[in-house]
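K.L.:
Input structure: upload_26.txt, which contains compact mmCIF, C-alpha atoms and all ligand atoms.
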# COMPACT_ATOMS: atom_id res chain seq x y z
CA MET S 1 18.20 -31.07 -11.66
CA LYS S 2 17.10 -33.41 -8.88
CA THR S 3 13.65 -33.06 -7.43
CA LEU S 4 13.87 -31.83 -3.89
CA PRO S 5 13.50 -32.29 -0.98
CA ASP S 6 14.96 -35.76 -0.36
CA ARG S 7 13.01 -38.26 1.74
CA ALA S 8 14.05 -36.63 4.99
CA GLY S 9 12.99 -33.21 3.74
CA HIS S 10 16.43 -31.81 2.93
CA PHE S 11 17.09 -29.21 0.29
CA GLY S 12 20.87 -29.66 0.20
CA ILE S 13 21.99 -28.86 3.72
CA TYR S 14 18.75 -27.01 4.54
CA GLY S 15 15.29 -28.06 5.67
CA GLY S 16 14.94 -31.29 7.61
CA ARG S 17 13.06 -31.78 10.84
CA TYR S 18 14.50 -30.27 14.01
CA VAL S 19 11.66 -31.07 16.40
CA PRO S 20 11.01 -32.74 19.74
CA GLU S 21 10.37 -36.48 19.69
CA THR S 22 6.66 -35.92 20.41
CA LEU S 23 6.19 -34.26 17.02
CA VAL S 24 7.99 -36.80 14.87
CA LYS S 25 5.04 -39.18 14.73
CA ALA S 26 2.63 -36.42 13.72
CA LEU S 27 4.97 -35.16 11.00
CA GLU S 28 5.47 -38.67 9.68
CA GLU S 29 1.74 -39.26 9.57
CA LEU S 30 1.26 -35.98 7.74
CA THR S 31 4.04 -36.80 5.27
CA ARG S 32 2.49 -40.19 4.52
CA SER S 33 -1.03 -38.85 4.13
CA TYR S 34 0.08 -35.98 1.97
CA LYS S 35 2.01 -38.32 -0.30
CA LEU S 36 -1.17 -40.35 -0.85
CA LEU S 37 -3.44 -37.34 -1.33
CA LYS S 38 -1.01 -35.81 -3.81
CA LYS S 39 -1.75 -38.72 -6.13
CA ASP S 40 -5.43 -38.97 -5.21
CA ARG S 41 -7.54 -37.88 -8.20
CA LYS S 42 -10.59 -37.22 -6.04
CA PHE S 43 -8.71 -34.98 -3.60
CA GLN S 44 -7.12 -33.03 -6.45
CA GLU S 45 -10.46 -32.67 -8.20
CA GLU S 46 -12.20 -31.43 -5.05
CA LEU S 47 -9.39 -28.99 -4.38
CA ARG S 48 -9.52 -27.72 -7.95
CA ALA S 49 -13.23 -27.01 -7.57
CA TYR S 50 -12.70 -25.02 -4.35
CA LEU S 51 -9.86 -23.05 -5.89
CA GLU S 52 -11.93 -22.19 -8.94
CA ASP S 53 -15.44 -21.71 -7.60
CA TYR S 54 -14.60 -20.34 -4.17
CA ALA S 55 -11.21 -18.61 -4.39
CA GLY S 56 -11.66 -17.37 -7.97
CA ARG S 57 -8.89 -19.20 -9.83
CA PRO S 58 -7.35 -19.05 -12.31
CA THR S 59 -6.29 -15.50 -11.55
CA PRO S 60 -5.58 -13.32 -14.59
CA VAL S 61 -2.19 -12.36 -15.99
CA TYR S 62 -2.51 -8.66 -16.80
CA GLU S 63 -0.20 -6.76 -19.11
CA ALA S 64 0.55 -3.51 -17.29
CA LYS S 65 0.89 -1.35 -20.38
CA ASN S 66 1.01 1.98 -18.58
CA LEU S 67 3.73 0.75 -16.28
CA THR S 68 5.61 -0.67 -19.27
CA ARG S 69 5.32 2.64 -21.13
CA HIS S 70 6.46 4.53 -18.04
CA PHE S 71 9.75 2.66 -17.94
CA GLY S 72 10.13 2.13 -21.69
CA ARG S 73 11.88 -1.21 -21.31
CA ALA S 74 10.71 -4.84 -20.97
CA ARG S 75 6.97 -5.58 -21.13
CA ILE S 76 5.59 -6.02 -17.62
CA PHE S 77 2.92 -8.60 -16.74
CA LEU S 78 1.27 -9.00 -13.35
CA LYS S 79 0.04 -12.32 -11.97
CA ARG S 80 -3.05 -11.14 -10.14
CA GLU S 81 -3.10 -13.06 -6.84
CA ASP S 82 -4.54 -9.86 -5.39
CA LEU S 83 -7.84 -10.90 -6.95
CA CYS S 84 -8.11 -14.11 -4.91
CA HIS S 85 -10.84 -14.33 -2.30
CA THR S 86 -9.53 -12.78 0.97
CA GLY S 87 -7.09 -10.68 -1.05
CA ALA S 88 -3.91 -12.71 -1.44
CA HIS S 89 -2.35 -16.02 -2.42
CA LYS S 90 -2.63 -17.34 1.14
CA ILE S 91 -6.08 -18.85 0.45
CA ASN S 92 -4.51 -21.35 -2.02
CA ASN S 93 -2.69 -22.97 0.87
CA THR S 94 -5.39 -22.71 3.53
CA LEU S 95 -8.08 -24.27 1.31
CA ALA S 96 -5.72 -27.11 0.44
CA GLN S 97 -4.66 -27.79 4.03
CA GLY S 98 -8.23 -27.35 5.25
CA LEU S 99 -9.40 -30.03 2.82
CA LEU S 100 -6.46 -32.20 3.84
CA ALA S 101 -7.34 -31.79 7.55
CA LYS S 102 -10.86 -32.88 6.80
CA LYS S 103 -9.68 -35.94 4.86
CA LEU S 104 -7.42 -36.85 7.80
CA GLY S 105 -10.46 -36.82 10.05
CA LYS S 106 -9.26 -33.85 12.10
CA ARG S 107 -11.92 -31.55 13.45
CA ARG S 108 -9.73 -28.70 14.61
CA ILE S 109 -7.02 -26.54 13.04
CA VAL S 110 -4.45 -24.34 14.73
CA ALA S 111 -2.55 -21.62 12.93
CA GLU S 112 0.02 -18.94 13.70
CA THR S 113 -0.34 -15.44 12.37
CA GLY S 114 1.70 -12.26 12.33
CA ALA S 115 -0.26 -9.50 10.67
CA GLY S 116 -3.36 -11.66 10.71
CA GLN S 117 -3.56 -12.39 6.98
CA HIS S 118 -2.84 -16.09 7.38
CA GLY S 119 -5.14 -16.14 10.41
CA VAL S 120 -8.01 -14.73 8.35
CA ALA S 121 -7.31 -17.13 5.46
CA SER S 122 -7.21 -20.06 7.91
CA ALA S 123 -10.42 -18.99 9.64
CA THR S 124 -12.04 -18.69 6.20
CA ALA S 125 -11.01 -22.22 5.23
CA ALA S 126 -12.24 -23.47 8.62
CA CYS S 127 -15.71 -22.09 7.78
CA VAL S 128 -15.70 -23.84 4.43
CA PHE S 129 -14.75 -27.22 5.87
CA GLY S 130 -16.64 -26.96 9.16
CA LEU S 131 -13.51 -27.07 11.33
CA GLU S 132 -12.87 -25.49 14.68
CA CYS S 133 -10.15 -22.86 14.32
CA VAL S 134 -7.66 -21.51 16.87
CA VAL S 135 -5.22 -18.81 15.86
CA TYR S 136 -2.15 -17.88 17.91
CA MET S 137 -1.10 -14.28 17.61
CA GLY S 138 1.49 -12.20 19.47
CA GLU S 139 0.07 -9.58 21.82
CA GLU S 140 2.03 -6.89 20.04
CA ASP S 141 0.50 -7.91 16.70
CA ILE S 142 -3.01 -8.10 18.17
CA GLU S 143 -2.75 -4.44 19.05
CA ARG S 144 -1.36 -3.47 15.65
CA GLN S 145 -3.85 -5.53 13.63
CA ALA S 146 -7.16 -5.02 15.39
CA LEU S 147 -9.19 -5.25 12.17
CA ASN S 148 -7.87 -8.70 11.24
CA VAL S 149 -8.41 -9.91 14.80
CA TYR S 150 -12.03 -8.82 14.55
CA LYS S 151 -12.40 -10.47 11.14
CA MET S 152 -11.13 -13.77 12.56
CA LYS S 153 -13.68 -13.54 15.36
CA LEU S 154 -16.47 -12.82 12.90
CA LEU S 155 -15.39 -15.93 11.02
CA GLY S 156 -15.79 -17.92 14.23
CA ALA S 157 -12.13 -18.43 15.11
CA GLU S 158 -10.68 -18.18 18.58
CA VAL S 159 -7.69 -15.83 18.72
CA ILE S 160 -5.25 -16.64 21.53
CA PRO S 161 -2.82 -13.87 22.52
CA VAL S 162 0.82 -14.89 22.98
CA HIS S 163 2.68 -13.06 25.75
CA SER S 164 6.08 -14.73 25.48
CA GLY S 165 9.28 -13.48 23.83
CA SER S 166 8.92 -10.54 21.47
CA ARG S 167 5.13 -11.17 21.40
CA THR S 168 5.10 -11.44 17.60
CA LEU S 169 4.97 -14.07 14.85
CA LYS S 170 8.01 -16.06 15.97
CA ASP S 171 6.45 -16.61 19.40
CA ALA S 172 2.99 -17.29 18.00
CA THR S 173 4.51 -20.05 15.85
CA ASN S 174 6.08 -21.69 18.92
CA GLU S 175 2.71 -21.66 20.70
CA ALA S 176 0.86 -23.11 17.71
CA ILE S 177 3.40 -25.96 17.57
CA ARG S 178 2.96 -26.54 21.32
CA ASP S 179 -0.82 -26.75 20.90
CA TRP S 180 -0.41 -29.22 18.04
CA VAL S 181 1.85 -31.47 20.13
CA ALA S 182 -0.75 -31.55 22.91
CA ASN S 183 -3.75 -32.17 20.62
CA VAL S 184 -2.35 -34.03 17.68
CA GLU S 185 -5.13 -36.66 17.55
CA THR S 186 -7.82 -34.11 16.75
CA THR S 187 -5.82 -31.23 15.35
CA HIS S 188 -4.03 -30.24 12.16
CA TYR S 189 -1.43 -27.49 12.25
CA LEU S 190 -2.14 -25.22 9.30
CA LEU S 191 1.25 -23.62 8.69
CA GLY S 192 1.14 -20.48 6.54
CA SER S 193 4.30 -20.51 4.44
CA VAL S 194 7.04 -22.76 3.05
CA VAL S 195 8.78 -22.93 6.42
CA GLY S 196 8.85 -25.29 9.41
CA PRO S 197 9.74 -28.99 9.59
CA HIS S 198 9.31 -31.44 6.70
CA PRO S 199 6.81 -31.91 5.02
CA TYR S 200 5.55 -28.30 5.29
CA PRO S 201 8.07 -26.57 2.99
CA ALA S 202 7.44 -29.07 0.18
CA MET S 203 3.69 -29.39 0.77
CA VAL S 204 2.97 -25.66 0.90
CA ARG S 205 5.16 -25.17 -2.18
CA ASP S 206 3.12 -27.76 -4.06
CA PHE S 207 -0.12 -26.04 -3.03
CA GLN S 208 1.18 -22.62 -4.11
CA SER S 209 2.74 -23.77 -7.37
CA ILE S 210 -0.67 -23.32 -9.00
CA ILE S 211 0.49 -19.67 -9.33
CA GLY S 212 3.46 -20.63 -11.52
CA LYS S 213 1.56 -23.31 -13.44
CA GLU S 214 -1.14 -20.86 -14.50
CA THR S 215 1.48 -18.27 -15.42
CA LYS S 216 3.36 -20.77 -17.55
CA SER S 217 0.23 -21.89 -19.42
CA PHE S 218 -0.75 -18.28 -20.01
CA PHE S 219 2.54 -17.42 -21.71
CA LEU S 220 2.76 -20.64 -23.70
CA LYS S 221 -0.81 -20.24 -24.95
CA ASN S 222 -0.84 -16.51 -25.70
CA TRP S 223 2.78 -15.66 -26.38
CA LYS S 224 4.18 -19.02 -27.49
CA ARG S 225 7.16 -18.30 -25.27
CA LEU S 226 8.12 -18.05 -21.61
CA PRO S 227 8.92 -14.79 -19.81
CA ASP S 228 12.58 -13.76 -19.50
CA TYR S 229 12.26 -12.82 -15.84
CA LEU S 230 10.04 -13.76 -12.92
CA ILE S 231 10.05 -11.45 -9.91
CA ALA S 232 8.36 -11.99 -6.54
CA CYS S 233 8.69 -10.86 -2.95
CA VAL S 234 10.04 -13.24 -0.31
CA GLY S 235 8.79 -13.34 3.28
CA GLY S 236 8.57 -16.98 4.35
CA GLY S 237 8.77 -17.58 0.63
CA SER S 238 5.47 -19.21 -0.39
CA ASN S 239 4.19 -16.91 -3.15
CA SER S 240 7.65 -16.71 -4.71
CA ILE S 241 8.39 -20.44 -4.63
CA GLY S 242 4.88 -21.14 -5.93
CA PHE S 243 5.54 -18.74 -8.79
CA PHE S 244 9.08 -19.99 -9.51
CA TYR S 245 8.71 -23.72 -8.99
CA PRO S 246 7.25 -24.70 -12.41
CA PHE S 247 10.06 -22.67 -14.03
CA LEU S 248 13.05 -24.01 -12.06
CA LYS S 249 14.04 -26.34 -14.88
CA GLU S 250 13.58 -23.66 -17.56
CA ARG S 251 17.14 -22.45 -17.37
CA LYS S 252 16.53 -19.46 -19.66
CA VAL S 253 13.97 -17.94 -17.31
CA LYS S 254 15.76 -15.77 -14.76
CA LEU S 255 14.27 -15.81 -11.28
CA VAL S 256 14.56 -12.94 -8.82
CA GLY S 257 13.34 -12.98 -5.20
CA ILE S 258 12.99 -9.69 -3.33
CA GLU S 259 13.63 -9.47 0.40
CA ALA S 260 12.73 -6.57 2.66
CA ALA S 261 15.65 -4.25 3.44
CA GLY S 262 13.44 -2.31 5.88
CA GLN S 263 15.20 0.84 6.95
CA GLY S 264 18.43 -0.31 5.34
CA LEU S 265 20.80 -3.28 5.36
CA ASN S 266 23.32 -1.32 7.38
CA THR S 267 20.77 -0.93 10.20
CA LYS S 268 19.34 -3.77 12.29
CA ARG S 269 15.85 -2.89 11.05
CA HIS S 270 15.43 -5.21 8.09
CA ALA S 271 14.17 -8.71 7.22
CA ALA S 272 16.80 -9.78 4.66
CA SER S 273 17.52 -13.23 6.03
CA LEU S 274 19.04 -14.59 2.80
CA THR S 275 21.16 -11.52 2.13
CA LYS S 276 22.34 -10.80 5.67
CA GLY S 277 21.67 -13.99 7.63
CA SER S 278 23.51 -17.27 8.08
CA ALA S 279 22.50 -20.92 8.40
CA GLY S 280 20.72 -21.69 11.66
CA ILE S 281 17.74 -23.51 13.11
CA LEU S 282 14.34 -22.03 13.84
CA HIS S 283 10.82 -23.49 13.86
CA GLY S 284 12.02 -27.02 13.12
CA MET S 285 14.06 -26.28 9.99
CA LYS S 286 17.58 -25.35 9.00
CA SER S 287 17.71 -22.25 6.84
CA TYR S 288 19.19 -18.79 6.53
CA LEU S 289 18.41 -16.94 9.72
CA LEU S 290 18.96 -13.49 11.21
CA GLN S 291 20.95 -14.28 14.36
CA ASN S 292 23.61 -12.75 16.53
CA ARG S 293 27.00 -14.32 17.25
CA ASP S 294 25.54 -16.46 20.03
CA GLY S 295 22.89 -17.86 17.73
CA GLN S 296 20.09 -15.79 19.27
CA VAL S 297 17.41 -14.89 16.73
CA GLU S 298 17.45 -11.20 15.82
CA PRO S 299 14.06 -9.54 15.36
CA ALA S 300 13.14 -8.69 11.77
CA HIS S 301 11.64 -5.44 10.55
CA SER S 302 9.73 -4.46 7.44
CA ILE S 303 7.00 -1.95 6.70
CA SER S 304 5.06 -4.94 5.34
CA ALA S 305 4.04 -7.33 8.07
CA GLY S 306 4.09 -10.29 5.67
CA LEU S 307 7.83 -9.94 5.04
CA ASP S 308 8.66 -9.41 8.69
CA TYR S 309 10.09 -12.89 9.46
CA PRO S 310 13.68 -13.53 10.62
CA SER S 311 14.16 -16.67 8.50
CA VAL S 312 12.99 -18.03 5.13
CA GLY S 313 11.89 -21.31 3.56
CA PRO S 314 14.76 -23.82 3.27
CA GLU S 315 14.27 -24.29 -0.48
CA HIS S 316 15.11 -20.61 -0.97
CA SER S 317 18.31 -21.08 1.01
CA TYR S 318 19.20 -23.93 -1.30
CA LEU S 319 18.29 -21.95 -4.43
CA LYS S 320 20.37 -19.02 -3.25
CA ASP S 321 23.47 -21.15 -2.69
CA SER S 322 22.96 -22.94 -6.03
CA GLY S 323 22.62 -19.59 -7.80
CA ARG S 324 19.41 -20.62 -9.59
CA VAL S 325 17.50 -17.73 -7.98
CA LYS S 326 19.01 -14.29 -7.36
CA TYR S 327 17.90 -12.52 -4.22
CA GLU S 328 17.82 -8.74 -4.05
CA THR S 329 16.61 -6.35 -1.36
CA VAL S 330 14.28 -3.35 -1.39
CA THR S 331 13.81 -0.81 1.42
CA ASP S 332 10.56 0.39 3.02
CA ARG S 333 10.96 3.63 1.13
CA GLU S 334 11.43 1.97 -2.27
CA ALA S 335 8.43 -0.28 -1.58
CA LEU S 336 6.26 2.76 -0.90
CA GLU S 337 7.40 4.19 -4.23
CA GLY S 338 6.44 0.92 -5.88
CA PHE S 339 3.01 1.09 -4.22
CA LYS S 340 2.50 4.61 -5.47
CA LEU S 341 3.58 3.85 -9.01
CA LEU S 342 1.21 0.94 -9.53
CA THR S 343 -1.66 2.77 -7.86
CA GLU S 344 -1.29 5.87 -10.02
CA LEU S 345 -0.44 4.23 -13.34
CA GLU S 346 -2.67 1.15 -13.29
CA GLY S 347 -5.32 1.85 -10.65
CA ILE S 348 -4.24 -1.21 -8.68
CA MET S 349 -3.33 -0.77 -5.03
CA PRO S 350 -0.87 -3.55 -4.22
CA ALA S 351 -0.16 -4.96 -0.77
CA LEU S 352 3.10 -3.66 0.69
CA GLU S 353 4.74 -7.08 0.25
CA PRO S 354 4.60 -7.16 -3.58
CA SER S 355 5.23 -3.40 -3.54
CA HIS S 356 8.81 -4.48 -2.81
CA ALA S 357 8.94 -6.31 -6.14
CA LEU S 358 7.51 -3.20 -7.83
CA GLY S 359 10.09 -1.01 -6.07
CA PHE S 360 12.79 -3.28 -7.46
CA LEU S 361 11.52 -2.72 -11.03
CA LYS S 362 12.11 0.96 -10.67
CA ARG S 363 15.76 0.43 -9.83
CA TRP S 364 16.50 -2.46 -12.14
CA ILE S 365 14.35 -2.44 -15.26
CA ARG S 366 16.70 -0.14 -17.17
CA LYS S 367 18.86 -3.22 -17.65
CA THR S 368 16.17 -5.01 -19.68
CA LYS S 369 15.34 -4.73 -23.38
CA ARG S 370 12.07 -3.75 -25.01
CA ASN S 371 11.53 -7.19 -26.51
CA GLU S 372 11.92 -8.93 -23.16
CA ILE S 373 9.11 -9.98 -20.81
CA VAL S 374 8.99 -9.55 -17.04
CA ALA S 375 6.30 -11.36 -15.02
CA LEU S 376 5.76 -10.11 -11.47
CA CYS S 377 3.74 -11.88 -8.81
CA LEU S 378 1.27 -9.44 -7.33
CA SER S 379 0.76 -11.55 -4.24
CA GLY S 380 -1.97 -9.48 -2.61
CA ARG S 381 -4.03 -6.31 -2.61
CA GLY S 382 -3.36 -3.21 -0.57
CA ASP S 383 -6.60 -2.71 1.39
CA LYS S 384 -5.05 -4.08 4.57
CA ASP S 385 -2.10 -1.70 4.28
CA ILE S 386 -3.85 1.62 3.64
CA PRO S 387 -3.47 2.83 7.26
CA ALA S 388 0.29 2.02 7.16
CA VAL S 389 0.67 3.67 3.77
CA ARG S 390 -1.18 6.74 4.94
CA LYS S 391 0.93 7.02 8.06
CA ALA S 392 4.13 6.70 6.04
CA PHE S 393 3.13 9.29 3.44
CA GLU S 394 1.90 11.70 6.10
CA LYS S 395 5.25 11.35 7.83
CA GLY S 396 6.83 12.12 4.47
CA ILE S 397 8.78 8.87 4.34
CA SER S 398 8.58 8.59 0.57
CA GLY S 399 8.91 12.16 -0.60
CA SER S 400 5.71 13.53 -2.06
CA ASP S 401 2.26 12.41 -1.00
CA PRO S 402 0.39 10.28 -3.50
CA GLY S 403 -2.33 12.81 -4.30
CA LYS S 404 0.16 15.46 -5.32
CA ARG S 405 0.94 14.25 -8.80
CA LYS S 406 -2.72 14.21 -9.79
CA ARG S 407 -3.26 17.70 -8.42
CA ASN S 408 -0.31 18.92 -10.45
CA ARG S 409 -1.73 17.26 -13.50
CA GLU S 410 -5.06 19.04 -13.03
CA LYS S 411 -3.29 22.36 -12.99
CA VAL S 412 -1.66 21.70 -16.36
C1 LIG W 1 1.89 -13.17 3.71
C2 LIG W 1 2.14 -12.44 2.48
C3 LIG W 1 3.39 -12.48 1.82
C4 LIG W 1 4.60 -13.16 2.39
O1 LIG W 1 4.53 -14.53 2.52
P1 LIG W 1 5.24 -15.53 1.51
O2 LIG W 1 5.13 -16.83 2.19
O3 LIG W 1 6.67 -15.07 1.35
O4 LIG W 1 4.52 -15.47 0.23
C5 LIG W 1 3.52 -11.83 0.60
N1 LIG W 1 2.50 -11.14 0.07
C6 LIG W 1 1.29 -11.06 0.68
C7 LIG W 1 0.22 -10.27 0.02
C8 LIG W 1 1.07 -11.70 1.89
O5 LIG W 1 -0.13 -11.61 2.47
Please re-express this file's structure in structure tokens.
P.N.:
Amino acid sequence: MKTLPDRAGHFGIYGGRYVPETLVKALEELTRSYKLLKKDRKFQEELRAYLEDYAGRPTPVYEAKNLTRHFGRARIFLKREDLCHTGAHKINNTLAQGLLAKKLGKRRIVAETGAGQHGVASATAACVFGLECVVYMGEEDIERQALNVYKMKLLGAEVIPVHSGSRTLKDATNEAIRDWVANVETTHYLLGSVVGPHPYPAMVRDFQSIIGKETKSFFLKNWKRLPDYLIACVGGGSNSIGFFYPFLKERKVKLVGIEAAGQGLNTKRHAASLTKGSAGILHGMKSYLLQNRDGQVEPAHSISAGLDYPSVGPEHSYLKDSGRVKYETVTDREALEGFKLLTELEGIMPALEPSHALGFLKRWIRKTKRNEIVALCLSGRGDKDIPAVRKAFEKGISGSDPGKRKRNREKV
């Protein structure tokens, strides 16, 4: 298999750089600098130290024995990105780009955020590297995510509300790009997933592939074999591609990406861009996109804010077409069941994003054998989602409320 992207940032027909002329120079400078830093021992060594001593890497791989026993099929292992500082894999990328910004002599970073998780991770990295931090966030999201907005402010970031369009992530991204164009001499755009124009999809993938590298070493060292399946949720696609990337050439390892089916694929309330979308252009890249017949972007929906994006990283589009990765979908309701299962059986409250991968297990794991191994990327912890989970359970969206089973057990 060829290494991708090509020099112009294409993954097959996807990716590339669909941007105004004013951005080309900045993207070329970033591509050049990143290429040098990638091979720079000192940069890699410094980054390694931050990832280990600050973010808490390597994260453990935990054998979820209760969950395995519950299903009675393949052994299930969890890659614990939920234990990273700030609660998810996003810090891997923001520390790396923060360090890169500093090396490039920039003193300011701009970032987009939807639910605020990438905003908080960016503001955190800005503290570490002494950078000024501006986060663009849709007005709608600011209202929904007051706690993260406050966290960003505590961390010293400026949060700028975006009033245009649907007043969510898509619009915040446009504003962050606009800011970058205007201030490119002093500013680095810290993009939060494997999306956007070249070199972001490849660069963010490289920064997140530490997840897959650690997983691979773990299995080779302790089990003298690789897992049979890797499963991860796909929003923009950074935790999944980071998990999958070191395994792409291991043809025996089956890779499964889980998209959000929201309230159902037959409704308009979902975020399954690979499953239900078609090739189009958004945020400087060509990729699968939820769009209507006129090419207007359709809004995405998922109970998990991190999966609520109408497109997906271009490498995923390529991997879907090539068949190397299978993409499946999981509804809000199934994700809540996944959340509940892991919480009750293992005492780990997952974020709603990886709860989709857990929800998929429930439906699919019957097809596996007892001597097989499934590794699942637990991309983040659930603290941020407790209000949403509570609201959903109180509304009765996922059948019984989570306390019920325990109460029943006490009675027995
Ligand atoms: C942001 C987020 C995601 C989705 O983003 P990807 O780029 O697809 O990884 C998934 N899980 C968690 C916990 C997140 O915070």
K.L.:
Once you count only C-alpha atoms and all ligand atoms, what closest atom pair and distance in Å to one decimal does each residue of chain S within 8 Å of ligand LIG 1 (chain W) have, with rows by chain and rising residue number, as a Markdown table?
P.N.:
| residue | atom | partner | partner_atom | distance |
| --- | --- | --- | --- | --- |
| S:Asp82 | CA | W:LIG1 | C7 | 7.2 |
| S:Gly87 | CA | W:LIG1 | C7 | 7.4 |
| S:Ala88 | CA | W:LIG1 | C7 | 5.0 |
| S:His89 | CA | W:LIG1 | C7 | 6.8 |
| S:Lys90 | CA | W:LIG1 | O5 | 6.4 |
| S:Gln117 | CA | W:LIG1 | O5 | 5.7 |
| S:His118 | CA | W:LIG1 | C1 | 6.7 |
| S:Gly192 | CA | W:LIG1 | O2 | 6.9 |
| S:Ser193 | CA | W:LIG1 | O2 | 4.4 |
| S:Val194 | CA | W:LIG1 | O2 | 6.3 |
| S:Cys233 | CA | W:LIG1 | C5 | 6.3 |
| S:Val234 | CA | W:LIG1 | O3 | 4.2 |
| S:Gly235 | CA | W:LIG1 | O3 | 3.3 |
| S:Gly236 | CA | W:LIG1 | O3 | 4.0 |
| S:Gly237 | CA | W:LIG1 | O3 | 3.4 |
| S:Ser238 | CA | W:LIG1 | O2 | 3.5 |
| S:Asn239 | CA | W:LIG1 | O4 | 3.7 |
| S:Ser240 | CA | W:LIG1 | O4 | 6.0 |
| S:Ile241 | CA | W:LIG1 | O4 | 8.0 |
| S:Ala305 | CA | W:LIG1 | C1 | 7.6 |
| S:Gly306 | CA | W:LIG1 | C1 | 4.1 |
| S:Leu307 | CA | W:LIG1 | C4 | 5.3 |
| S:Val312 | CA | W:LIG1 | O3 | 7.9 |
| S:Ala351 | CA | W:LIG1 | C7 | 5.4 |
| S:Leu352 | CA | W:LIG1 | C7 | 7.2 |
| S:Glu353 | CA | W:LIG1 | N1 | 4.6 |
| S:Pro354 | CA | W:LIG1 | N1 | 5.8 |
| S:Leu378 | CA | W:LIG1 | C7 | 7.5 |
| S:Ser379 | CA | W:LIG1 | C7 | 4.5 |
| S:Gly380 | CA | W:LIG1 | C7 | 3.5 |
| S:Arg381 | CA | W:LIG1 | C7 | 6.4 |
| S:Gly382 | CA | W:LIG1 | C7 | 7.9 |
K.L.:
Provide the CA of Phe218 in chain S to CA of Arg41 in chain S distance in Å, to one decimal place.
P.N.:
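Atom-to-atom, CA of Phe218 in chain S to CA of Arg41 in chain S, that is 23.9 Å.
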K.L.:
Can you tell me, as a PyMOL selection string, what residues are no more than 12 Å from Leu154 in chain S when counting all atoms listed in the file, ignoring any on the same chain fewer than 6 positions away?
P.N.:
chain S and resi 120+123-124+127+133+147-148
K.L.:
Counting all atoms listed in the file, which residue out of S:Arg366, S:Gln145, S:Gly114, S:Leu155 sits closest to Gly130 in chain S?
P.N.:
S:Leu155
K.L.:
Write out as a ChimeraX atom specification the residues lying within 10 Å of Ala74 in chain S, counting all atoms listed in the file and excluding same-chain residues fewer than 6 positions away.
P.N.:
/S:68,228-229,365-375
K.L.:
Please produce a file of the residues just selected, as a PDB file, keeping the file's coordinate frame, where the atoms kept are C-alpha atoms.
P.N.:
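Output file result_33.pdb is given in full below:
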ATOM      1  CA  THR S  68       5.610  -0.670 -19.270  1.00  0.00           C
ATOM      2  CA  ASP S 228      12.580 -13.760 -19.500  1.00  0.00           C
ATOM      3  CA  TYR S 229      12.260 -12.820 -15.840  1.00  0.00           C
ATOM      4  CA  ILE S 365      14.350  -2.440 -15.260  1.00  0.00           C
ATOM      5  CA  ARG S 366      16.700  -0.140 -17.170  1.00  0.00           C
ATOM      6  CA  LYS S 367      18.860  -3.220 -17.650  1.00  0.00           C
ATOM      7  CA  THR S 368      16.170  -5.010 -19.680  1.00  0.00           C
ATOM      8  CA  LYS S 369      15.340  -4.730 -23.380  1.00  0.00           C
ATOM      9  CA  ARG S 370      12.070  -3.750 -25.010  1.00  0.00           C
ATOM     10  CA  ASN S 371      11.530  -7.190 -26.510  1.00  0.00           C
ATOM     11  CA  GLU S 372      11.920  -8.930 -23.160  1.00  0.00           C
ATOM     12  CA  ILE S 373       9.110  -9.980 -20.810  1.00  0.00           C
ATOM     13  CA  VAL S 374       8.990  -9.550 -17.040  1.00  0.00           C
ATOM     14  CA  ALA S 375       6.300 -11.360 -15.020  1.00  0.00           C
TER      15      ALA S 375
END
K.L.:
Work out how far CA of Glu185 in chain S is from CA of Arg107 in chain S, in Å to one decimal.
P.N.:
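These atoms are spaced 9.4 Å apart.
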K.L.:
Find the residue from S:Leu95, S:Ala271, S:Val389, S:Ala357 that sits nearest to Val297 in chain S; use only C-alpha atoms when measuring.
P.N.:
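Between S:Leu95, S:Ala271, S:Val389, S:Ala357, the residue approaching Val297 in chain S most closely is S:Ala271.
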K.L.:
Please output range 231-235 of chain S, rebuilt to include N, CA, C and O atoms, as an mmCIF file, in the frame of the given file.
P.N.:
data_model
loop_
_atom_site.group_PDB
_atom_site.id
_atom_site.type_symbol
_atom_site.label_atom_id
_atom_site.label_comp_id
_atom_site.auth_asym_id
_atom_site.auth_seq_id
_atom_site.Cartn_x
_atom_site.Cartn_y
_atom_site.Cartn_z
ATOM 1 N N ILE S 231 9.666 -12.204 -11.105
ATOM 2 C CA ILE S 231 10.050 -11.450 -9.910
ATOM 3 C C ILE S 231 8.954 -11.596 -8.853
ATOM 4 O O ILE S 231 7.765 -11.452 -9.164
ATOM 5 N N ALA S 232 9.343 -11.869 -7.620
ATOM 6 C CA ALA S 232 8.360 -11.990 -6.540
ATOM 7 C C ALA S 232 8.993 -11.635 -5.208
ATOM 8 O O ALA S 232 10.215 -11.785 -5.035
ATOM 9 N N CYS S 233 8.180 -11.190 -4.274
ATOM 10 C CA CYS S 233 8.690 -10.860 -2.950
ATOM 11 C C CYS S 233 8.824 -12.126 -2.098
ATOM 12 O O CYS S 233 8.113 -13.106 -2.295
ATOM 13 N N VAL S 234 9.749 -12.082 -1.154
ATOM 14 C CA VAL S 234 10.040 -13.240 -0.310
ATOM 15 C C VAL S 234 9.911 -12.877 1.175
ATOM 16 O O VAL S 234 10.678 -12.062 1.684
ATOM 17 N N GLY S 235 8.890 -13.455 1.824
ATOM 18 C CA GLY S 235 8.790 -13.340 3.280
ATOM 19 C C GLY S 235 9.229 -14.705 3.805
ATOM 20 O O GLY S 235 10.413 -15.008 3.916
#
